[in-house]
Amino acid sequence: MIRIIATAESLSQAKALLEAGIDTLQVGGHPFGIRLPRALGLEEIEKITETAHIQGKKVNVAVNGLFHNEQIEQLPDYLTRLAAIHVDAITVGDPGAILTLEESGLPLPYIYDAGPLVTSARQIAFWIEHGAVGAVAARELTLAELKKIQAELNKPVEVLVYGPTCIHQSGRPLVTHYFRYAGLADRSEKDRGLYLRDPKNPDSQYPIYEDQDGTHIFSTEDLSLMASLQDLSDHGLNTWKLDGVLLHGGAFVRIAALFVAAKEALEAGTFSPTAFANRLRVLQPKSRPLGTGFYLKHPEDVK
Amino acid sequence: MKKIENKPEVLAPAGNLEKLKMAIRYGADAVYLGGQAYGLRSRAGNFTYDEMREGVQFAHAYGAKVYVAANMVAHEGDGRGADDFFRTLQDIGIDAVIISDPALITICFAAAPGLPIHLSTQASATNYKTLEFWKKIGLERVVLAREVGIEEIREMRRHTDIEIEAFIHGAMCIAYSGRCTLSNHMVNRDANRGGCAQSCRWKYDLFDMDGSTARSLIPEGAEPFSMSAVDLSMLHHIPEMIDAGVNSLKIEGRMKSIHYVSTVSNVYRQAVDAYCADPEHFTFDPAWEEEIWKVAQRDLSTGFYYHVPTEKDEIFGKPRKIPKYTFAAQVINYDPDTQIATLQQRNCFSVGEDVEFYGPGFVHFKQTVRCLWNENGEPIDRAPNPMMTVSMIVDQPVKPYYLMRKK
């Protein structure tokens, strides 16, 4: 059975996403969740969870940052609260957080999510042995690799089918540093809408922003695997993630609804990749080109 | 009287066998190197098994240790042969392997039980619970992420007794190591499998969008945006590193020269020994700093140890000019009766030039090249040929493996 996970930035967007047919909402807050569409407080997470549960849907909470001592100390309390809210799972990438969760004995399943580090079945098997109920695959994997990975595992490997890819996380405020160097008074938050361009690649346009976790840079393209959904499903890659970290409100919900429709068509045997890809192109913001990232590359193409 | 219970090791990079030996002669307690696969420095002179054997033999004779970095993040198929690799390393007598990927950790445990494993900085260990996690798994040591502050290390030490290794000198990733795939996305080279193209140090336009038009924010005449960190040096803070409970002080740079590795090892050997010998009366010797600048390639800072770096810890535009010293020759023999040293040339030098000799134990002296003879004992004005053997009169006694540099 195909399950679609989508990020939610608010209770109202969460409701709209559930309405659109999303199976699992991914939410999170500071200081534990990283690269979220918006950081949510526990009260908001609780309301979203209640709403989702009434409809028989699920909520995952991102606890996927790299934690320093200070955060790890606050973590047991946060986990206790998440368990009390009855969220369905958390995503975690910090081994210290995994140990904290294990020691807490809380009934909180975790999905392993360590960004670009999650690259092989054997590695994911290590985390499954240490309690993980699934894993989020690195965006830098090819479909050929993903198929092999899923074939070897009896837990779901989550694949990004729509959204931007984070390609750099620094602990330093790199944009602020440049502003200071250049004598500019400007903002560097996500809503400021800043980009980098590599002069050698005129089509490049890397979104960049700062928050309390540092600086984040994203890929030029929004990934779309719309045309490959059949292939994913045929190989048991049935957990699809839609990431709205850079796309907000109804625009993201409409794209999520299209992926739900694609899933339904696929299940009904009426899926047309070209038709759906064309419909996605209409909904896609003009400032963000669509691409297939590493998925359609040959593993040998990456040195 | 204050006594140092836990004297840390000075850990130096060994880009090849020659550098391994130099690092150890110049005071490193341990070195780390890469094998033919599973590492992250595809362009560093990586070791064959035979070279590792020779390196281990040499190191162990000095009481020094040899670690092998196998810190790639493996994709499907990359782990093939890793069991043989780890088994062979154990047979060779390698003292530990440095790994970041749990897949390779699993393979290593199974193939070479008892071979100590150190968690690579690529895994970004930033809190004491993470250290405890890896201790429970059975790792001997964790190399900390470069984003960890010294107060955080003290806190870690209060919570766990796993060995802590921390960087004290060298170039730094500006990202959390392992969490940067700029090279993957920009040039199809996997940063976590040895393909890092140092895209962070490139120049970029920084802009916003006005509708569909890009508006550059780079002011007229200003340098473009970049993400280029200056290098790390904790030379002034060795006592704090030791008191915080760090077990291994790591110098970055498997790609660096013999000149660099010998000089940096020599300096940190002095600083660590001086503090541990008499912590209460330790004073910083300005000669150490002077020496470090002779091989510095960028400005130096303390990274994240005291605060999040500022814009001063980054390079925009042309880096500051640092007086450049060149490695000129290596001593291969010395005759105390004639005061004549036989040298192997490494860079051209001439009669009349001011040079500096240095050796293990922080021995230094400067002199002018007064006369030069070639292999046949004929006087020459300059030594232009790579690796040629020459001899000259030296003002003070030297020993084999002393090095000669010039400005």
# chains A, B, ... in the order shown; residues from 1 in each chain; ligands from 1

$ residues_around --residues "Pro31 (chain A)" --least-positions-apart "5" --cutoff "12 Å" --atoms "only C-alpha atoms" --output "list in words"
Leu36, Ala39, Leu40, Gly41, Leu42, Ala62, Val63, Asn64, Gly65, Leu66, Phe67, His68, Glu70, Gln71, Ile72, Glu73, Gln74, Leu75, Tyr78, Asp211, Gln212, Asp213 and Gly214 of chain A

$ write_last_selection --atoms "N, CA, C and O atoms" --output "PDB file, in the first residue's frame"
ATOM      1  N   LEU A  36      12.104  22.892   8.560  1.00  0.00           N
ATOM      2  CA  LEU A  36      10.662  22.694   8.528  1.00  0.00           C
ATOM      3  C   LEU A  36      10.037  23.825   7.723  1.00  0.00           C
ATOM      4  O   LEU A  36      10.605  24.908   7.635  1.00  0.00           O
ATOM      5  N   ALA A  39       8.241  26.223  12.143  1.00  0.00           N
ATOM      6  CA  ALA A  39       8.389  25.539  13.422  1.00  0.00           C
ATOM      7  C   ALA A  39       7.080  25.653  14.206  1.00  0.00           C
ATOM      8  O   ALA A  39       6.534  26.747  14.352  1.00  0.00           O
ATOM      9  N   LEU A  40       6.578  24.530  14.683  1.00  0.00           N
ATOM     10  CA  LEU A  40       5.313  24.530  15.417  1.00  0.00           C
ATOM     11  C   LEU A  40       5.548  24.251  16.897  1.00  0.00           C
ATOM     12  O   LEU A  40       6.447  23.493  17.263  1.00  0.00           O
ATOM     13  N   GLY A  41       4.701  24.857  17.726  1.00  0.00           N
ATOM     14  CA  GLY A  41       4.752  24.583  19.162  1.00  0.00           C
ATOM     15  C   GLY A  41       4.023  23.277  19.465  1.00  0.00           C
ATOM     16  O   GLY A  41       3.295  22.736  18.618  1.00  0.00           O
ATOM     17  N   LEU A  42       4.206  22.801  20.688  1.00  0.00           N
ATOM     18  CA  LEU A  42       3.589  21.524  21.069  1.00  0.00           C
ATOM     19  C   LEU A  42       2.062  21.578  21.014  1.00  0.00           C
ATOM     20  O   LEU A  42       1.410  20.588  20.678  1.00  0.00           O
ATOM     21  N   ALA A  62       9.325  15.690  13.389  1.00  0.00           N
ATOM     22  CA  ALA A  62      10.752  15.772  13.054  1.00  0.00           C
ATOM     23  C   ALA A  62      11.564  16.091  14.311  1.00  0.00           C
ATOM     24  O   ALA A  62      11.369  17.130  14.944  1.00  0.00           O
ATOM     25  N   VAL A  63      12.429  15.167  14.677  1.00  0.00           N
ATOM     26  CA  VAL A  63      13.387  15.380  15.773  1.00  0.00           C
ATOM     27  C   VAL A  63      14.750  15.080  15.146  1.00  0.00           C
ATOM     28  O   VAL A  63      15.538  14.288  15.615  1.00  0.00           O
ATOM     29  N   ASN A  64      14.961  15.708  13.982  1.00  0.00           N
ATOM     30  CA  ASN A  64      16.015  15.249  13.081  1.00  0.00           C
ATOM     31  C   ASN A  64      17.226  16.166  12.989  1.00  0.00           C
ATOM     32  O   ASN A  64      18.007  16.076  12.052  1.00  0.00           O
ATOM     33  N   GLY A  65      17.402  17.052  13.978  1.00  0.00           N
ATOM     34  CA  GLY A  65      18.569  17.932  13.964  1.00  0.00           C
ATOM     35  C   GLY A  65      19.809  17.224  14.475  1.00  0.00           C
ATOM     36  O   GLY A  65      19.767  16.063  14.887  1.00  0.00           O
ATOM     37  N   LEU A  66      20.944  17.957  14.395  1.00  0.00           N
ATOM     38  CA  LEU A  66      22.175  17.514  15.049  1.00  0.00           C
ATOM     39  C   LEU A  66      22.201  18.235  16.384  1.00  0.00           C
ATOM     40  O   LEU A  66      22.225  19.460  16.422  1.00  0.00           O
ATOM     41  N   PHE A  67      22.188  17.482  17.469  1.00  0.00           N
ATOM     42  CA  PHE A  67      22.001  18.122  18.764  1.00  0.00           C
ATOM     43  C   PHE A  67      23.313  18.331  19.514  1.00  0.00           C
ATOM     44  O   PHE A  67      24.177  17.475  19.527  1.00  0.00           O
ATOM     45  N   HIS A  68      23.389  19.488  20.154  1.00  0.00           N
ATOM     46  CA  HIS A  68      24.491  19.753  21.071  1.00  0.00           C
ATOM     47  C   HIS A  68      24.022  19.389  22.485  1.00  0.00           C
ATOM     48  O   HIS A  68      22.841  19.087  22.693  1.00  0.00           O
ATOM     49  N   GLU A  70      23.253  20.950  25.066  1.00  0.00           N
ATOM     50  CA  GLU A  70      22.144  21.732  25.600  1.00  0.00           C
ATOM     51  C   GLU A  70      20.792  21.183  25.107  1.00  0.00           C
ATOM     52  O   GLU A  70      19.839  21.085  25.875  1.00  0.00           O
ATOM     53  N   GLN A  71      20.739  20.846  23.823  1.00  0.00           N
ATOM     54  CA  GLN A  71      19.485  20.319  23.283  1.00  0.00           C
ATOM     55  C   GLN A  71      19.212  18.909  23.773  1.00  0.00           C
ATOM     56  O   GLN A  71      18.067  18.560  24.059  1.00  0.00           O
ATOM     57  N   ILE A  72      20.268  18.118  23.891  1.00  0.00           N
ATOM     58  CA  ILE A  72      20.069  16.728  24.293  1.00  0.00           C
ATOM     59  C   ILE A  72      19.523  16.684  25.720  1.00  0.00           C
ATOM     60  O   ILE A  72      18.786  15.777  26.090  1.00  0.00           O
ATOM     61  N   GLU A  73      19.868  17.708  26.507  1.00  0.00           N
ATOM     62  CA  GLU A  73      19.348  17.758  27.869  1.00  0.00           C
ATOM     63  C   GLU A  73      17.849  18.052  27.901  1.00  0.00           C
ATOM     64  O   GLU A  73      17.138  17.594  28.791  1.00  0.00           O
ATOM     65  N   GLN A  74      17.392  18.829  26.925  1.00  0.00           N
ATOM     66  CA  GLN A  74      15.957  19.160  26.892  1.00  0.00           C
ATOM     67  C   GLN A  74      15.126  18.080  26.209  1.00  0.00           C
ATOM     68  O   GLN A  74      13.907  18.128  26.223  1.00  0.00           O
ATOM     69  N   LEU A  75      15.820  17.141  25.584  1.00  0.00           N
ATOM     70  CA  LEU A  75      15.116  16.181  24.744  1.00  0.00           C
ATOM     71  C   LEU A  75      14.162  15.236  25.498  1.00  0.00           C
ATOM     72  O   LEU A  75      13.038  15.003  25.029  1.00  0.00           O
ATOM     73  N   TYR A  78      10.845  16.806  25.915  1.00  0.00           N
ATOM     74  CA  TYR A  78      10.130  16.965  24.642  1.00  0.00           C
ATOM     75  C   TYR A  78       9.541  15.631  24.197  1.00  0.00           C
ATOM     76  O   TYR A  78       8.382  15.559  23.778  1.00  0.00           O
ATOM     77  N   ASP A 211      18.784  30.130  10.007  1.00  0.00           N
ATOM     78  CA  ASP A 211      17.918  30.085  11.187  1.00  0.00           C
ATOM     79  C   ASP A 211      18.789  29.712  12.382  1.00  0.00           C
ATOM     80  O   ASP A 211      20.014  29.747  12.273  1.00  0.00           O
ATOM     81  N   GLN A 212      18.153  29.347  13.509  1.00  0.00           N
ATOM     82  CA  GLN A 212      18.974  29.087  14.700  1.00  0.00           C
ATOM     83  C   GLN A 212      19.897  27.882  14.541  1.00  0.00           C
ATOM     84  O   GLN A 212      20.838  27.720  15.304  1.00  0.00           O
ATOM     85  N   ASP A 213      19.659  27.038  13.537  1.00  0.00           N
ATOM     86  CA  ASP A 213      20.534  25.885  13.315  1.00  0.00           C
ATOM     87  C   ASP A 213      21.720  26.218  12.421  1.00  0.00           C
ATOM     88  O   ASP A 213      22.589  25.384  12.212  1.00  0.00           O
ATOM     89  N   GLY A 214      21.742  27.400  11.868  1.00  0.00           N
ATOM     90  CA  GLY A 214      22.845  27.776  10.993  1.00  0.00           C
ATOM     91  C   GLY A 214      22.358  28.188   9.621  1.00  0.00           C
ATOM     92  O   GLY A 214      21.322  28.837   9.494  1.00  0.00           O
TER      93      GLY A 214
END

$ interface_residues --of "chain B" --to "chain A" --cutoff "6 Å" --atoms "only C-alpha atoms" --output "list in words"
His75, Glu76, Pro102, Ala103, Thr126, Asn127, Lys129, Thr130, Phe133, Ala175, Tyr176, Arg179, Cys180, Thr181, Leu182, Asn188, Arg189, Asp190, Tyr204, Asp205, Leu206, Phe207, Asp208 and Glu311 of chain B

$ closest_residue --among "B:Ile174, B:Ile162, B:Leu115, B:Ile94" --to "Gln198 (chain B)" --atoms "only C-alpha atoms"
B:Ile174

$ closest_residue --among "A:Leu232, A:Ala138, A:Leu258, A:Ala89" --to "Ala74 (chain B)" --atoms "only C-alpha atoms"
A:Ala138

$ select_by_dssp --residues "region 83-149 of chain A" --states "helix (DSSP H, G or I)" --output "ChimeraX atom specification"
/A:83-85,95-104,115-117,121-129,143-149

$ select_by_dssp --residues "region 86-325 of chain B" --states "strand (DSSP E or B)" --output "ChimeraX atom specification"
/B:96-99,117-119,125,141-144,163-170,180,204-210,213-216,225,229,231-233,248-251,300-301,314

$ write_last_selection --atoms "N, CA and C atoms" --output "CSV table (one decimal), in the first residue's frame"
chain,number,residue,atom,x,y,z
B,96,ALA,N,44.0,1.2,14.9
B,96,ALA,CA,42.6,1.5,14.9
B,96,ALA,C,42.2,2.0,13.5
B,97,VAL,N,40.9,1.8,13.3
B,97,VAL,CA,40.3,2.4,12.0
B,97,VAL,C,39.4,3.5,12.4
B,98,ILE,N,39.3,4.4,11.4
B,98,ILE,CA,38.4,5.6,11.6
B,98,ILE,C,37.2,5.5,10.7
B,99,ILE,N,36.0,5.3,11.2
B,99,ILE,CA,34.9,5.0,10.3
B,99,ILE,C,33.7,5.9,10.7
B,117,ILE,N,37.8,0.8,16.8
B,117,ILE,CA,37.2,1.7,15.9
B,117,ILE,C,37.0,3.1,16.5
B,118,HIS,N,37.4,4.1,15.7
B,118,HIS,CA,37.1,5.5,16.1
B,118,HIS,C,36.0,6.0,15.2
B,119,LEU,N,35.1,6.7,15.7
B,119,LEU,CA,34.1,7.4,14.9
B,119,LEU,C,34.6,8.6,14.2
B,125,ALA,N,29.5,14.1,15.6
B,125,ALA,CA,29.2,13.8,17.0
B,125,ALA,C,29.2,15.1,17.7
B,141,ARG,N,36.7,5.3,20.5
B,141,ARG,CA,37.0,6.7,20.5
B,141,ARG,C,36.0,7.4,19.5
B,142,VAL,N,35.7,8.7,19.8
B,142,VAL,CA,34.9,9.5,18.9
B,142,VAL,C,35.7,10.7,18.5
B,143,VAL,N,35.8,11.0,17.2
B,143,VAL,CA,36.3,12.3,16.8
B,143,VAL,C,35.2,13.3,16.7
B,144,LEU,N,35.3,14.3,17.5
B,144,LEU,CA,34.2,15.3,17.6
B,144,LEU,C,34.0,16.0,16.3
B,163,GLU,N,37.1,7.7,24.7
B,163,GLU,CA,38.1,8.6,24.3
B,163,GLU,C,37.6,9.7,23.4
B,164,ILE,N,38.1,10.9,23.6
B,164,ILE,CA,37.7,12.0,22.7
B,164,ILE,C,38.9,12.5,21.9
B,165,GLU,N,38.6,12.6,20.6
B,165,GLU,CA,39.6,13.2,19.7
B,165,GLU,C,39.1,14.5,19.1
B,166,ALA,N,39.9,15.5,19.1
B,166,ALA,CA,39.4,16.8,18.6
B,166,ALA,C,40.4,17.4,17.7
B,167,PHE,N,40.0,18.1,16.7
B,167,PHE,CA,40.9,18.8,15.8
B,167,PHE,C,41.5,20.0,16.5
B,168,ILE,N,42.8,20.2,16.3
B,168,ILE,CA,43.5,21.4,16.9
B,168,ILE,C,44.1,22.2,15.8
B,169,HIS,N,44.3,21.7,14.6
B,169,HIS,CA,45.0,22.5,13.6
B,169,HIS,C,44.6,22.0,12.2
B,170,GLY,N,44.5,23.0,11.3
B,170,GLY,CA,44.3,22.7,9.9
B,170,GLY,C,43.1,23.3,9.2
B,180,CYS,N,27.2,18.0,3.8
B,180,CYS,CA,27.4,18.9,2.7
B,180,CYS,C,27.5,18.0,1.4
B,204,TYR,N,30.3,33.0,-5.6
B,204,TYR,CA,28.9,32.9,-6.0
B,204,TYR,C,28.3,34.3,-6.0
B,205,ASP,N,27.3,34.4,-6.9
B,205,ASP,CA,26.4,35.5,-6.8
B,205,ASP,C,25.4,35.3,-5.7
B,206,LEU,N,25.0,36.3,-5.0
B,206,LEU,CA,24.0,36.2,-4.0
B,206,LEU,C,22.9,37.2,-4.5
B,207,PHE,N,21.7,36.7,-4.7
B,207,PHE,CA,20.6,37.5,-5.3
B,207,PHE,C,19.2,37.2,-4.7
B,208,ASP,N,18.3,38.1,-5.0
B,208,ASP,CA,16.9,37.8,-4.7
B,208,ASP,C,16.1,37.9,-6.0
B,209,MET,N,14.8,37.7,-6.0
B,209,MET,CA,14.0,37.7,-7.2
B,209,MET,C,13.0,38.8,-7.1
B,210,ASP,N,13.0,39.6,-8.2
B,210,ASP,CA,11.9,40.6,-8.3
B,210,ASP,C,11.0,40.1,-9.4
B,213,THR,N,12.9,38.3,-12.3
B,213,THR,CA,14.2,38.9,-12.5
B,213,THR,C,15.1,38.8,-11.3
B,214,ALA,N,16.3,38.2,-11.5
B,214,ALA,CA,17.2,38.1,-10.4
B,214,ALA,C,17.9,39.5,-10.2
B,215,ARG,N,18.0,39.9,-8.9
B,215,ARG,CA,18.6,41.1,-8.5
B,215,ARG,C,19.8,40.8,-7.6
B,216,SER,N,21.0,41.0,-8.2
B,216,SER,CA,22.2,40.7,-7.4
B,216,SER,C,22.3,41.6,-6.2
B,225,PHE,N,30.0,36.5,-3.0
B,225,PHE,CA,29.8,35.6,-1.9
B,225,PHE,C,30.6,34.4,-1.9
B,229,ALA,N,36.3,29.0,4.9
B,229,ALA,CA,36.7,29.2,6.3
B,229,ALA,C,38.3,29.4,6.3
B,231,ASP,N,41.8,28.7,8.5
B,231,ASP,CA,42.1,27.4,9.1
B,231,ASP,C,42.1,27.5,10.7
B,232,LEU,N,42.1,26.3,11.2
B,232,LEU,CA,42.0,26.2,12.7
B,232,LEU,C,43.4,26.2,13.3
B,233,SER,N,43.6,26.9,14.4
B,233,SER,CA,44.8,26.6,15.2
B,233,SER,C,44.5,26.8,16.7
B,248,SER,N,43.1,13.0,22.3
B,248,SER,CA,43.9,13.0,21.0
B,248,SER,C,43.7,14.3,20.3
B,249,LEU,N,44.8,15.0,20.1
B,249,LEU,CA,44.8,16.3,19.5
B,249,LEU,C,45.1,16.1,18.0
B,250,LYS,N,44.2,16.4,17.1
B,250,LYS,CA,44.3,16.0,15.7
B,250,LYS,C,44.7,17.1,14.8
B,251,ILE,N,45.7,16.9,14.0
B,251,ILE,CA,46.1,17.8,13.0
B,251,ILE,C,45.6,17.4,11.7
B,300,LEU,N,44.4,32.1,10.7
B,300,LEU,CA,44.1,31.0,11.6
B,300,LEU,C,43.1,31.5,12.6
B,301,SER,N,42.3,30.6,13.1
B,301,SER,CA,41.3,31.0,14.1
B,301,SER,C,41.0,29.8,15.0
B,314,GLU,N,36.2,33.9,8.0
B,314,GLU,CA,36.0,33.5,6.6
B,314,GLU,C,36.8,34.4,5.6

$ residues_around --residues "Ile85 (chain A)" --least-positions-apart "6" --cutoff "9 Å" --atoms "only C-alpha atoms" --output "ChimeraX atom specification"
/A:42,45-47,49-50

$ residues_around --residues "region 315-320 of chain B" --least-positions-apart "2" --cutoff "7 Å" --atoms "only C-alpha atoms" --output "list in words"
Glu223, Ser226, Ser228, Ala229, Val230, Arg298, Asp313 and Ile322 of chain B

$ atom_distance --atom1 "CA of Asp23 (chain A)" --atom2 "CA of Thr239 (chain A)"
10.0 Å

$ closest_residue --among "B:Met1, B:Ala14, B:Ala222, B:Cys348" --to "Met255 (chain B)" --atoms "only C-alpha atoms"
B:Ala14

$ atom_distance --atom1 "CA of Lys406 (chain B)" --atom2 "CA of Glu353 (chain B)"
7.8 Å

$ residues_around --residues "Ser262 (chain B)" --least-positions-apart "2" --cutoff "7 Å" --atoms "only C-alpha atoms" --output "PyMOL selection string"
chain B and resi 22-23+26+258-260+264-266

$ atom_distance --atom1 "CA of Glu240 (chain B)" --atom2 "CA of Ala287 (chain B)"
19.7 Å

$ residues_around --residues "Arg3 (chain A)" --least-positions-apart "5" --cutoff "9 Å" --atoms "only C-alpha atoms" --output "PyMOL selection string"
chain A and resi 22-24+238-241+263

$ write_last_selection --atoms "N, CA and C atoms" --output "short mmCIF file (atom, residue, chain, number, x, y, z; two decimals), in the first residue's frame"
data_model
loop_
_atom_site.label_atom_id
_atom_site.label_comp_id
_atom_site.auth_asym_id
_atom_site.auth_seq_id
_atom_site.Cartn_x
_atom_site.Cartn_y
_atom_site.Cartn_z
N ILE A 22 -3.76 13.09 2.06
CA ILE A 22 -2.42 12.74 2.57
C ILE A 22 -2.57 11.75 3.74
N ASP A 23 -1.70 10.73 3.78
CA ASP A 23 -1.81 9.70 4.81
C ASP A 23 -1.14 10.08 6.12
N THR A 24 0.02 10.75 5.99
CA THR A 24 0.79 11.08 7.20
C THR A 24 1.29 12.51 7.09
N ASN A 238 7.17 2.39 -1.49
CA ASN A 238 5.78 2.84 -1.37
C ASN A 238 5.55 3.91 -0.32
N THR A 239 6.64 4.45 0.23
CA THR A 239 6.49 5.55 1.19
C THR A 239 7.05 6.80 0.54
N TRP A 240 6.14 7.69 0.15
CA TRP A 240 6.51 8.86 -0.64
C TRP A 240 6.42 10.12 0.21
N LYS A 241 7.46 10.92 0.09
CA LYS A 241 7.50 12.14 0.89
C LYS A 241 7.35 13.37 0.00
N LYS A 263 -1.44 8.67 -7.04
CA LYS A 263 -1.42 7.41 -6.30
C LYS A 263 -2.71 6.62 -6.56
#

$ residues_around --residues "Asp234 (chain A)" --least-positions-apart "4" --cutoff "12 Å" --atoms "only C-alpha atoms" --output "MDAnalysis selection string"
chainID A and resid 1:2 143 147 150:151 228:230 238 266:267

$ decode --residues "region 318-334 of chain B" --atoms "N, CA, C and O atoms" --output "PDB file, in the first residue's frame"
ATOM      1  N   LYS B 318      40.594  38.041  -1.985  1.00  0.00           N
ATOM      2  CA  LYS B 318      41.967  37.548  -1.902  1.00  0.00           C
ATOM      3  C   LYS B 318      42.361  37.306  -0.456  1.00  0.00           C
ATOM      4  O   LYS B 318      42.184  38.168   0.393  1.00  0.00           O
ATOM      5  N   PRO B 319      42.940  36.128  -0.162  1.00  0.00           N
ATOM      6  CA  PRO B 319      43.386  35.892   1.198  1.00  0.00           C
ATOM      7  C   PRO B 319      44.579  36.768   1.552  1.00  0.00           C
ATOM      8  O   PRO B 319      45.307  37.214   0.669  1.00  0.00           O
ATOM      9  N   ARG B 320      44.752  37.012   2.845  1.00  0.00           N
ATOM     10  CA  ARG B 320      45.879  37.816   3.325  1.00  0.00           C
ATOM     11  C   ARG B 320      47.185  37.130   2.928  1.00  0.00           C
ATOM     12  O   ARG B 320      47.305  35.919   2.977  1.00  0.00           O
ATOM     13  N   LYS B 321      48.151  37.930   2.524  1.00  0.00           N
ATOM     14  CA  LYS B 321      49.447  37.359   2.134  1.00  0.00           C
ATOM     15  C   LYS B 321      50.210  36.907   3.375  1.00  0.00           C
ATOM     16  O   LYS B 321      50.390  37.666   4.313  1.00  0.00           O
ATOM     17  N   ILE B 322      50.593  35.655   3.366  1.00  0.00           N
ATOM     18  CA  ILE B 322      51.342  35.113   4.493  1.00  0.00           C
ATOM     19  C   ILE B 322      52.755  34.833   4.000  1.00  0.00           C
ATOM     20  O   ILE B 322      52.931  34.242   2.946  1.00  0.00           O
ATOM     21  N   PRO B 323      53.775  35.317   4.748  1.00  0.00           N
ATOM     22  CA  PRO B 323      55.155  35.117   4.306  1.00  0.00           C
ATOM     23  C   PRO B 323      55.411  33.648   4.004  1.00  0.00           C
ATOM     24  O   PRO B 323      55.089  32.783   4.818  1.00  0.00           O
ATOM     25  N   LYS B 324      55.908  33.398   2.835  1.00  0.00           N
ATOM     26  CA  LYS B 324      55.987  32.019   2.402  1.00  0.00           C
ATOM     27  C   LYS B 324      57.397  31.457   2.553  1.00  0.00           C
ATOM     28  O   LYS B 324      58.367  32.049   2.122  1.00  0.00           O
ATOM     29  N   TYR B 325      57.492  30.336   3.210  1.00  0.00           N
ATOM     30  CA  TYR B 325      58.751  29.618   3.293  1.00  0.00           C
ATOM     31  C   TYR B 325      58.695  28.416   2.371  1.00  0.00           C
ATOM     32  O   TYR B 325      57.647  27.820   2.175  1.00  0.00           O
ATOM     33  N   THR B 326      59.828  28.077   1.819  1.00  0.00           N
ATOM     34  CA  THR B 326      59.903  26.934   0.913  1.00  0.00           C
ATOM     35  C   THR B 326      60.808  25.876   1.518  1.00  0.00           C
ATOM     36  O   THR B 326      61.856  26.196   2.095  1.00  0.00           O
ATOM     37  N   PHE B 327      60.384  24.646   1.387  1.00  0.00           N
ATOM     38  CA  PHE B 327      61.187  23.502   1.793  1.00  0.00           C
ATOM     39  C   PHE B 327      62.320  23.389   0.776  1.00  0.00           C
ATOM     40  O   PHE B 327      62.086  23.176  -0.408  1.00  0.00           O
ATOM     41  N   ALA B 328      63.588  23.549   1.228  1.00  0.00           N
ATOM     42  CA  ALA B 328      64.713  23.584   0.281  1.00  0.00           C
ATOM     43  C   ALA B 328      65.482  22.270   0.227  1.00  0.00           C
ATOM     44  O   ALA B 328      65.914  21.852  -0.846  1.00  0.00           O
ATOM     45  N   ALA B 329      65.665  21.615   1.380  1.00  0.00           N
ATOM     46  CA  ALA B 329      66.491  20.394   1.355  1.00  0.00           C
ATOM     47  C   ALA B 329      66.305  19.582   2.634  1.00  0.00           C
ATOM     48  O   ALA B 329      65.845  20.091   3.651  1.00  0.00           O
ATOM     49  N   GLN B 330      66.693  18.326   2.514  1.00  0.00           N
ATOM     50  CA  GLN B 330      66.658  17.438   3.676  1.00  0.00           C
ATOM     51  C   GLN B 330      68.080  16.933   3.946  1.00  0.00           C
ATOM     52  O   GLN B 330      68.802  16.565   3.022  1.00  0.00           O
ATOM     53  N   VAL B 331      68.467  16.926   5.219  1.00  0.00           N
ATOM     54  CA  VAL B 331      69.803  16.445   5.577  1.00  0.00           C
ATOM     55  C   VAL B 331      69.823  14.922   5.466  1.00  0.00           C
ATOM     56  O   VAL B 331      68.939  14.246   6.000  1.00  0.00           O
ATOM     57  N   ILE B 332      70.837  14.383   4.767  1.00  0.00           N
ATOM     58  CA  ILE B 332      70.942  12.929   4.746  1.00  0.00           C
ATOM     59  C   ILE B 332      72.193  12.438   5.469  1.00  0.00           C
ATOM     60  O   ILE B 332      72.275  11.288   5.850  1.00  0.00           O
ATOM     61  N   ASN B 333      73.129  13.351   5.705  1.00  0.00           N
ATOM     62  CA  ASN B 333      74.320  12.939   6.449  1.00  0.00           C
ATOM     63  C   ASN B 333      75.020  14.179   7.016  1.00  0.00           C
ATOM     64  O   ASN B 333      74.843  15.286   6.511  1.00  0.00           O
ATOM     65  N   TYR B 334      75.820  13.954   8.069  1.00  0.00           N
ATOM     66  CA  TYR B 334      76.579  15.072   8.643  1.00  0.00           C
ATOM     67  C   TYR B 334      77.910  14.539   9.168  1.00  0.00           C
ATOM     68  O   TYR B 334      77.964  13.511   9.849  1.00  0.00           O
TER      69      TYR B 334
END
